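Enquirer: I am attaching a structure below and will ask some questions about it afterwards.
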Amino acid sequence: METAVNIGATCGLIPIAALQQSDHFMQESNKGMIVNSAIRYLTDAINPQIVFEKLTNLKQGTEKMSTDESTLVVDGASFAAAFDSHRELFANVALQFSQVIFCRMAPLQKAQVVRLIKLTKTGKNARVCAVGDGGNDVAMIQDAHVGIGILGREGRQAARAADFAIPQFQHLQKAILVHGVWYYYRLSAMVAHIVYRGVVVVLPNFFYGFETAFSGQNILDPGFMAVYNILFTSQPIVFYAVLEQQKSSDELLQDFSTYKKYRGNTLLNLKVLSWYIFLICWQSLLLNYFPRLVLSGLFAEFDYGMHSHLINFLMVTIMLIKVITNAVHVNWILPTTLICSFAAYLAYSVLTSQLFKFPFAGTIFSSPAVWFALILTIVLSIVPDLVVGGFRRLDYLRQRNNGKYTL
């Protein structure tokens with residue numbers, strides 16, 4: 001028990017000042033008494049009734065002390081009794097402390113600790129990360145949402161069973177605070193863009209169905225729909241998701257507010273998805289009706305083919321613009337993929353125009369009125385994104401000037 005407390009103090013989990021009361025408090029805690037200390041104990045309690053009494057005393061004690069630097073020390077025997085008979089109460093009490101130190105634990109009990117936090121009502125929204133370096137940590141690592149194995153002298157069993165492996169414990173901070181934040185931000189951005197890309201190509205056909213009595217006629221070229229995801233929009237999204245860095249590693253290591261904010265899934269919640277659905281509907285309505293409204297009176301030959309071609313052009317252009325406007329960390333790779341994707345669309349348009357004798361340049365893109373309608377449609381489509389993104393960036397700069405690095 002003393003070894004566990006000393007290791008906790010060495011790691012910085014327990015304040016040094018709290019060790020002065022540690023020995024006296026451990027004796028009083030075993031008697032069921034509450035004294036003023038930042039370290040609380042749940043030890044030598046095998047009987048369920050005794051465990052219940054100690055947990056009740058601990059719960060009452062946490063209401064009278066600051067939990068910023070509070071520590072609970074639990075041994076294996078007491079945890080076994082609490083896990084079997086008073087699981088929910090133990091989870092309630094344990095989560096009131098800023099850190100909990102378990103000692104004399106069997107490998108199965110380590111996994112039970114993870115399972116307890118995952119399954120109880122108190123920790124149902126928690127995401128558990130387990131870190132271990134030996135074979136006795138494998139069960140715990142596999143039960144956690146995220147398992148991290150350390151390649152150490154105890155072998156590679158933990159690293160092989162884990163989701164991620166690090167060579168030394170000191171790399172854990174950067175793995176979580178930097179790469180964890182980057183990974184979540186990139187994954188969220190990729191999911192949001194893929195949902196946006198997939199739905200925006202469907203809604204124009206849906207809106208066009210009201211004009212054709214849902215006869216099955218599509219406003220979009222079937223060939224365009226077949227290669228839209230593969231050739232025109234996939235590469236920028238992939239490279240954007242792989243290379244994006246909302247903040248540098250130094251900023252993330254200096255301030256933890258971004259990590260704390262993202263723990264609440266702030267980038268993939270219902271509010272964010274609702275915003276994307278609104279953008280999809282707004283842009284789909286503009287694509288389907290605005291160019292026709294502007295150009296139908298100027299071109300006597302404005303027909304189904306011309307309308308379809310304009311929607312194809314606008315859909316690809318707006319999607320690529322959306323990627324570059326949302327990017328924070330822009331290097332030469334992302335603009336290159338955008339140019340290549342747009343060039344692939346132009347090549348496809350020229351090829352299909354030649355094959356099907358469609359007047360690609362002669363009638364459509366040689367007219368200033370067409371370009372005016374296209375540019376105006378693009379501007380109206382991205383205005384909501386630019387306004388919201390601009391306010392976020394202004395708020396970010398304001399917070400940064402005050403020494404904070406939050407959105």
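Identifiers in the structure tokens: chain A, B, ... in order shown; residue index from 1 per chain; ligand index from 1 in order shown.
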What are the nearest atom pairs, with distances in Å to one decimal, for all residues of stretch 296-326 of chain A that come at most 10 Å from stretch 182-203 of chain A, using only C-alpha atoms, set out by chain and rising residue number as JSON lines?
Expert:
```
{"residue": "A:Ile311", "atom": "CA", "partner": "A:Val201", "partner_atom": "CA", "distance": 9.8}
{"residue": "A:Asn312", "atom": "CA", "partner": "A:Val201", "partner_atom": "CA", "distance": 9.2}
{"residue": "A:Met315", "atom": "CA", "partner": "A:Val201", "partner_atom": "CA", "distance": 7.7}
{"residue": "A:Val316", "atom": "CA", "partner": "A:Arg197", "partner_atom": "CA", "distance": 9.6}
{"residue": "A:Met319", "atom": "CA", "partner": "A:Arg197", "partner_atom": "CA", "distance": 7.2}
{"residue": "A:Lys322", "atom": "CA", "partner": "A:His193", "partner_atom": "CA", "distance": 8.9}
{"residue": "A:Val323", "atom": "CA", "partner": "A:His193", "partner_atom": "CA", "distance": 8.1}
{"residue": "A:Asn326", "atom": "CA", "partner": "A:Ala189", "partner_atom": "CA", "distance": 8.9}
```
Enquirer: Would you export the selected residues with C-alpha atoms as a JSON list (two decimals), in the first residue's frame, please?
Expert:
```json
[["chain", "number", "residue", "atom", "x", "y", "z"],
["A", 311, "ILE", "CA", -25.24, 21.19, -62.16],
["A", 312, "ASN", "CA", -22.31, 18.82, -62.72],
["A", 315, "MET", "CA", -21.36, 20.34, -57.78],
["A", 316, "VAL", "CA", -17.68, 19.53, -58.35],
["A", 319, "MET", "CA", -17.25, 20.50, -53.22],
["A", 322, "LYS", "CA", -15.55, 23.58, -49.47],
["A", 323, "VAL", "CA", -12.49, 21.41, -48.81],
["A", 326, "ASN", "CA", -12.37, 24.35, -44.28]]
```
Enquirer: In Å, how far is it from atom CA of A:Gly149 to atom CA of A:Asn6?
Expert: 23.8 Å
Enquirer: Apply DSSP to the structure's backbone, then extract all residues of stretch 242-278 of chain A labelled helix (DSSP H, G or I) and return them as an MDAnalysis selection string.
Expert: chainID A and resid 242:243 249:254 257:262 270:278
Enquirer: Tell me which protein, DNA and RNA residues are within 12 Å of A:Val383, counting only C-alpha atoms, leaving out same-chain ones fewer than 3 positions away, and put them as a PyMOL selection string.
Expert: chain A and resi 279+282-283+318+321-322+325+376-380+386-390
Enquirer: For stretch 206-218 of chain A, list every protein, DNA or RNA residue within 10 Å, evaluated using only C-alpha atoms, and leave out those in the same chain fewer than 5 positions away; present the list as a PyMOL selection string.
Expert: chain A and resi 201+284-285+288-289+304+308
Enquirer: Quick one: everything within 9 Å of A:Gly147, counting only C-alpha atoms, minus sequence neighbours fewer than 4 positions away in the same chain. Send it as JSON, numbers by chain.
Expert: {"A": [128, 129, 130, 131, 132, 138, 140, 141, 142, 143, 158, 159, 161, 162, 163, 164, 165]}
Enquirer: For a test of reading the model, state the distance in Å between atom CA of A:Ala111 and atom CA of A:Asp137, rounded to one decimal.
Expert: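 Straight-line distance from atom CA of A:Ala111 to atom CA of A:Asp137 works out to 8.1 Å.
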Enquirer: Residues within 12 Å of A:Gly8, please, as a PyMOL selection string. Count only C-alpha atoms; anything in the same chain fewer than 2 positions from it doesn't count.
Expert: chain A and resi 1-6+10-16+18-19+39+69-73+99-103
Enquirer: How would you write, as a list in words, the set of residues in stretch 60-196 of chain A that DSSP gives as strand (DSSP E or B)?
Expert: Thr71, Leu72, Val73, Val74, Asp75, Gln99, Val100, Ile101, Phe102, Cys103, Cys129, Ala130, Val131, Gly132, Val146, Gly147, Ile148, Gly149, Ile150, Gly152, Gly155, Phe164, Ala165 and Ile166 of chain A
Enquirer: Between A:Val242, A:Phe278, A:Leu42, A:Ser249, which one has atoms that come closest to A:Pro384, using only C-alpha atoms?
Expert: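 The closest residue to A:Pro384 is A:Phe278.
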Enquirer: Of the candidates A:His309, A:Arg127, A:Arg292, A:Arg160, which one gets nearest to A:Gly223 if we count only C-alpha atoms?
Expert: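 Of A:His309, A:Arg127, A:Arg292, A:Arg160, the one nearest A:Gly223, counting only C-alpha atoms, is A:His309.
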Enquirer: Would you mind reading off the distance between atom CA of A:Leu172 and atom CA of A:Asn265, one decimal, in Å?
Expert: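 Atom CA of A:Leu172 sits 21.0 Å away from atom CA of A:Asn265.
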